[in-house]
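Below is the file protein.pdb, which contains PDB, C-alpha atoms.
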ATOM      1  CA  MET K   1     122.323 116.115  58.988  1.00  0.00           C
ATOM      2  CA  ALA K   2     122.317 119.417  60.768  1.00  0.00           C
ATOM      3  CA  LEU K   3     119.638 120.254  63.264  1.00  0.00           C
ATOM      4  CA  ARG K   4     117.772 123.474  62.776  1.00  0.00           C
ATOM      5  CA  PRO K   5     118.514 126.121  65.375  1.00  0.00           C
ATOM      6  CA  LEU K   6     115.897 126.384  68.105  1.00  0.00           C
ATOM      7  CA  SER K   7     114.283 129.616  69.103  1.00  0.00           C
ATOM      8  CA  ASP K   8     114.584 130.770  72.690  1.00  0.00           C
ATOM      9  CA  ASP K   9     110.984 129.680  73.379  1.00  0.00           C
ATOM     10  CA  GLU K  10     111.564 126.217  71.895  1.00  0.00           C
ATOM     11  CA  ARG K  11     114.778 125.826  73.873  1.00  0.00           C
ATOM     12  CA  ALA K  12     113.003 126.844  77.111  1.00  0.00           C
ATOM     13  CA  ALA K  13     110.161 124.382  76.399  1.00  0.00           C
ATOM     14  CA  ALA K  14     112.645 121.563  75.762  1.00  0.00           C
ATOM     15  CA  ARG K  15     114.522 122.403  78.949  1.00  0.00           C
ATOM     16  CA  GLU K  16     111.257 122.346  80.941  1.00  0.00           C
ATOM     17  CA  LYS K  17     110.228 119.008  79.402  1.00  0.00           C
ATOM     18  CA  ALA K  18     113.619 117.477  80.283  1.00  0.00           C
ATOM     19  CA  THR K  19     113.338 118.753  83.851  1.00  0.00           C
ATOM     20  CA  ARG K  20     109.857 117.228  84.235  1.00  0.00           C
ATOM     21  CA  ALA K  21     111.130 113.909  82.869  1.00  0.00           C
ATOM     22  CA  ARG K  22     114.087 113.798  85.282  1.00  0.00           C
ATOM     23  CA  THR K  23     111.776 114.676  88.171  1.00  0.00           C
ATOM     24  CA  ALA K  24     109.326 111.899  87.247  1.00  0.00           C
ATOM     25  CA  ARG K  25     112.115 109.310  87.073  1.00  0.00           C
ATOM     26  CA  ALA K  26     113.561 110.509  90.387  1.00  0.00           C
ATOM     27  CA  GLU K  27     110.123 110.220  92.055  1.00  0.00           C
ATOM     28  CA  VAL K  28     109.764 106.637  90.846  1.00  0.00           C
ATOM     29  CA  LYS K  29     113.213 105.651  92.098  1.00  0.00           C
ATOM     30  CA  LYS K  30     112.596 107.346  95.446  1.00  0.00           C
ATOM     31  CA  GLY K  31     109.227 105.592  95.774  1.00  0.00           C
ATOM     32  CA  LEU K  32     110.873 102.235  95.174  1.00  0.00           C
ATOM     33  CA  ARG K  33     113.716 103.036  97.574  1.00  0.00           C
ATOM     34  CA  GLU K  34     111.249 104.012 100.302  1.00  0.00           C
ATOM     35  CA  ARG K  35     109.058 100.971  99.495  1.00  0.00           C
ATOM     36  CA  ARG K  36     106.028 103.135  98.670  1.00  0.00           C
ATOM     37  CA  MET K  37     105.924 101.683  95.156  1.00  0.00           C
ATOM     38  CA  SER K  38     106.460  98.187  93.849  1.00  0.00           C
ATOM     39  CA  VAL K  39     108.159  97.225  90.605  1.00  0.00           C
ATOM     40  CA  ALA K  40     104.757  96.190  89.240  1.00  0.00           C
ATOM     41  CA  ASP K  41     103.412  99.696  89.987  1.00  0.00           C
ATOM     42  CA  ILE K  42     106.368 101.288  88.230  1.00  0.00           C
ATOM     43  CA  LEU K  43     106.055  99.067  85.156  1.00  0.00           C
ATOM     44  CA  GLU K  44     102.349  99.915  84.978  1.00  0.00           C
ATOM     45  CA  ARG K  45     103.161 103.620  85.242  1.00  0.00           C
ATOM     46  CA  ALA K  46     105.775 103.239  82.502  1.00  0.00           C
ATOM     47  CA  ASP K  47     103.009 102.168  80.124  1.00  0.00           C
ATOM     48  CA  GLN K  48     101.346 105.584  80.479  1.00  0.00           C
ATOM     49  CA  ASP K  49     104.273 107.908  81.251  1.00  0.00           C
ATOM     50  CA  GLU K  50     106.899 108.363  78.534  1.00  0.00           C
ATOM     51  CA  ALA K  51     109.455 109.757  80.986  1.00  0.00           C
ATOM     52  CA  VAL K  52     109.217 106.705  83.258  1.00  0.00           C
ATOM     53  CA  SER K  53     109.318 104.348  80.277  1.00  0.00           C
ATOM     54  CA  ARG K  54     112.774 105.754  79.431  1.00  0.00           C
ATOM     55  CA  LEU K  55     114.199 104.733  82.815  1.00  0.00           C
ATOM     56  CA  LYS K  56     116.960 102.153  82.496  1.00  0.00           C
ATOM     57  CA  VAL K  57     116.330  98.820  84.201  1.00  0.00           C
ATOM     58  CA  THR K  58     119.742  99.054  85.884  1.00  0.00           C
ATOM     59  CA  ASP K  59     118.777 102.393  87.458  1.00  0.00           C
ATOM     60  CA  LEU K  60     115.519 100.859  88.677  1.00  0.00           C
ATOM     61  CA  LEU K  61     117.258  97.854  90.218  1.00  0.00           C
ATOM     62  CA  GLU K  62     119.934  99.987  91.860  1.00  0.00           C
ATOM     63  CA  SER K  63     117.161 101.991  93.549  1.00  0.00           C
ATOM     64  CA  VAL K  64     116.122  98.894  95.482  1.00  0.00           C
ATOM     65  CA  PRO K  65     117.778  98.863  98.911  1.00  0.00           C
ATOM     66  CA  GLY K  66     120.559  96.276  98.985  1.00  0.00           C
ATOM     67  CA  ILE K  67     121.095  96.124  95.231  1.00  0.00           C
ATOM     68  CA  GLY K  68     124.155  97.806  93.772  1.00  0.00           C
ATOM     69  CA  GLN K  69     125.828  97.751  90.384  1.00  0.00           C
ATOM     70  CA  VAL K  70     127.256  94.238  90.652  1.00  0.00           C
ATOM     71  CA  ARG K  71     124.083  92.614  91.948  1.00  0.00           C
ATOM     72  CA  SER K  72     121.996  94.533  89.419  1.00  0.00           C
ATOM     73  CA  ALA K  73     124.130  93.180  86.574  1.00  0.00           C
ATOM     74  CA  ALA K  74     123.877  89.631  87.971  1.00  0.00           C
ATOM     75  CA  ILE K  75     120.082  89.876  88.236  1.00  0.00           C
ATOM     76  CA  MET K  76     119.778  91.133  84.684  1.00  0.00           C
ATOM     77  CA  ASP K  77     122.039  88.353  83.388  1.00  0.00           C
ATOM     78  CA  GLU K  78     120.000  85.757  85.292  1.00  0.00           C
ATOM     79  CA  LEU K  79     116.720  87.093  83.880  1.00  0.00           C
ATOM     80  CA  GLY K  80     118.048  87.487  80.350  1.00  0.00           C
ATOM     81  CA  ILE K  81     117.686  91.271  80.227  1.00  0.00           C
ATOM     82  CA  ALA K  82     120.251  93.312  78.304  1.00  0.00           C
ATOM     83  CA  ARG K  83     122.136  95.806  80.466  1.00  0.00           C
ATOM     84  CA  THR K  84     121.174  98.692  78.190  1.00  0.00           C
ATOM     85  CA  ARG K  85     117.441  97.893  78.287  1.00  0.00           C
ATOM     86  CA  ARG K  86     114.927 100.533  79.321  1.00  0.00           C
ATOM     87  CA  LEU K  87     111.553  99.838  80.926  1.00  0.00           C
ATOM     88  CA  ARG K  88     109.651 100.396  77.685  1.00  0.00           C
ATOM     89  CA  GLY K  89     111.792  97.745  75.988  1.00  0.00           C
ATOM     90  CA  LEU K  90     110.957  94.925  78.387  1.00  0.00           C
ATOM     91  CA  GLY K  91     108.910  92.060  77.030  1.00  0.00           C
ATOM     92  CA  VAL K  92     105.980  90.463  78.850  1.00  0.00           C
ATOM     93  CA  HIS K  93     108.069  87.554  80.134  1.00  0.00           C
ATOM     94  CA  GLN K  94     110.906  89.833  81.239  1.00  0.00           C
ATOM     95  CA  ARG K  95     108.438  92.013  83.165  1.00  0.00           C
ATOM     96  CA  LYS K  96     106.939  88.993  84.915  1.00  0.00           C
ATOM     97  CA  ALA K  97     110.390  87.595  85.725  1.00  0.00           C
ATOM     98  CA  LEU K  98     111.561  90.939  87.141  1.00  0.00           C
ATOM     99  CA  ILE K  99     108.473  91.305  89.330  1.00  0.00           C
ATOM    100  CA  ALA K 100     108.732  87.700  90.556  1.00  0.00           C
ATOM    101  CA  TYR K 101     112.439  88.048  91.311  1.00  0.00           C
ATOM    102  CA  LEU K 102     112.037  91.228  93.351  1.00  0.00           C
ATOM    103  CA  ASP K 103     108.918  90.047  95.187  1.00  0.00           C
ATOM    104  CA  ARG K 104     110.647  87.055  96.728  1.00  0.00           C
TER     105      ARG K 104
END
Reformat the file's structure so that it appears as structure tokens.
Amino acid sequence: MALRPLSDDERAAAREKATRARTARAEVKKGLRERRMSVADILERADQDEAVSRLKVTDLLESVPGIGQVRSAAIMDELGIARTRRLRGLGVHQRKALIAYLDR
């Protein structure tokens, strides 16, 4: 199925939307890294902000100081979260488990 060609205005609007989304996700990760935001705050924001809801859980975990790729994968395995999961795809129990794990 071929996509229809976009006009210059549509392409510019899509580029602007993508830039805003990347900026929103970067702000969230920076807030977590600097401990200005908690995981609970970010999950709450993901419910209202589509861009934040598309953030991968691995990227969120790796933004926490002291957690890298290996530890992030171990945490997700322990909590039963798939490594490809995004914030919007987390269930209620997975959200609670993630918050509890990172708050200890």
*asked:* Since I can't run it myself right now, could you work out what the PyMOL selection byres ((chain K and resi 84-98) around 9) selects here and report it as a PyMOL selection string?
replied: chain K and resi 39-40+43+46-47+50+52-58+60+75-76+79-83+99-103
Hey, what comes out of the PyMOL selection byres ((chain K and resi 32) around 10) on this file? Could you write it as a short mmCIF file (atom, residue, chain, number, x, y, z; two decimals) with C-alpha atoms, in the frame of the given file?
data_model
loop_
_atom_site.label_atom_id
_atom_site.label_comp_id
_atom_site.auth_asym_id
_atom_site.auth_seq_id
_atom_site.Cartn_x
_atom_site.Cartn_y
_atom_site.Cartn_z
CA ALA K 26 113.56 110.51 90.39
CA GLU K 27 110.12 110.22 92.06
CA VAL K 28 109.76 106.64 90.85
CA LYS K 29 113.21 105.65 92.10
CA LYS K 30 112.60 107.35 95.45
CA GLY K 31 109.23 105.59 95.77
CA ARG K 33 113.72 103.04 97.57
CA GLU K 34 111.25 104.01 100.30
CA ARG K 35 109.06 100.97 99.50
CA ARG K 36 106.03 103.14 98.67
CA MET K 37 105.92 101.68 95.16
CA SER K 38 106.46 98.19 93.85
CA VAL K 39 108.16 97.22 90.60
CA ASP K 41 103.41 99.70 89.99
CA ILE K 42 106.37 101.29 88.23
CA LEU K 60 115.52 100.86 88.68
CA LEU K 61 117.26 97.85 90.22
CA GLU K 62 119.93 99.99 91.86
CA SER K 63 117.16 101.99 93.55
CA VAL K 64 116.12 98.89 95.48
CA PRO K 65 117.78 98.86 98.91
#
Region 81-95 of chain K: axis-aligned bounding box, 6 Å on each side, centre and edge lengths in Å, one decimal, as JSON:
{"center_x": 114.1, "center_y": 94.0, "center_z": 79.6, "size_x": 28.2, "size_y": 25.0, "size_z": 19.2}
*Between CA of Glu10 (chain K) and CA of Ala24 (chain K), measure the distance and give it in Å to one decimal.*
21.1 Å
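Our summary of the geometry notes that CA of Glu44 (chain K) is positioned 21.7 Å from CA of Ile67 (chain K).
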*Expressed in Å to a single decimal, how great is the separation between CA of Arg104 (chain K) and CA of Thr23 (chain K)?*
28.9 Å
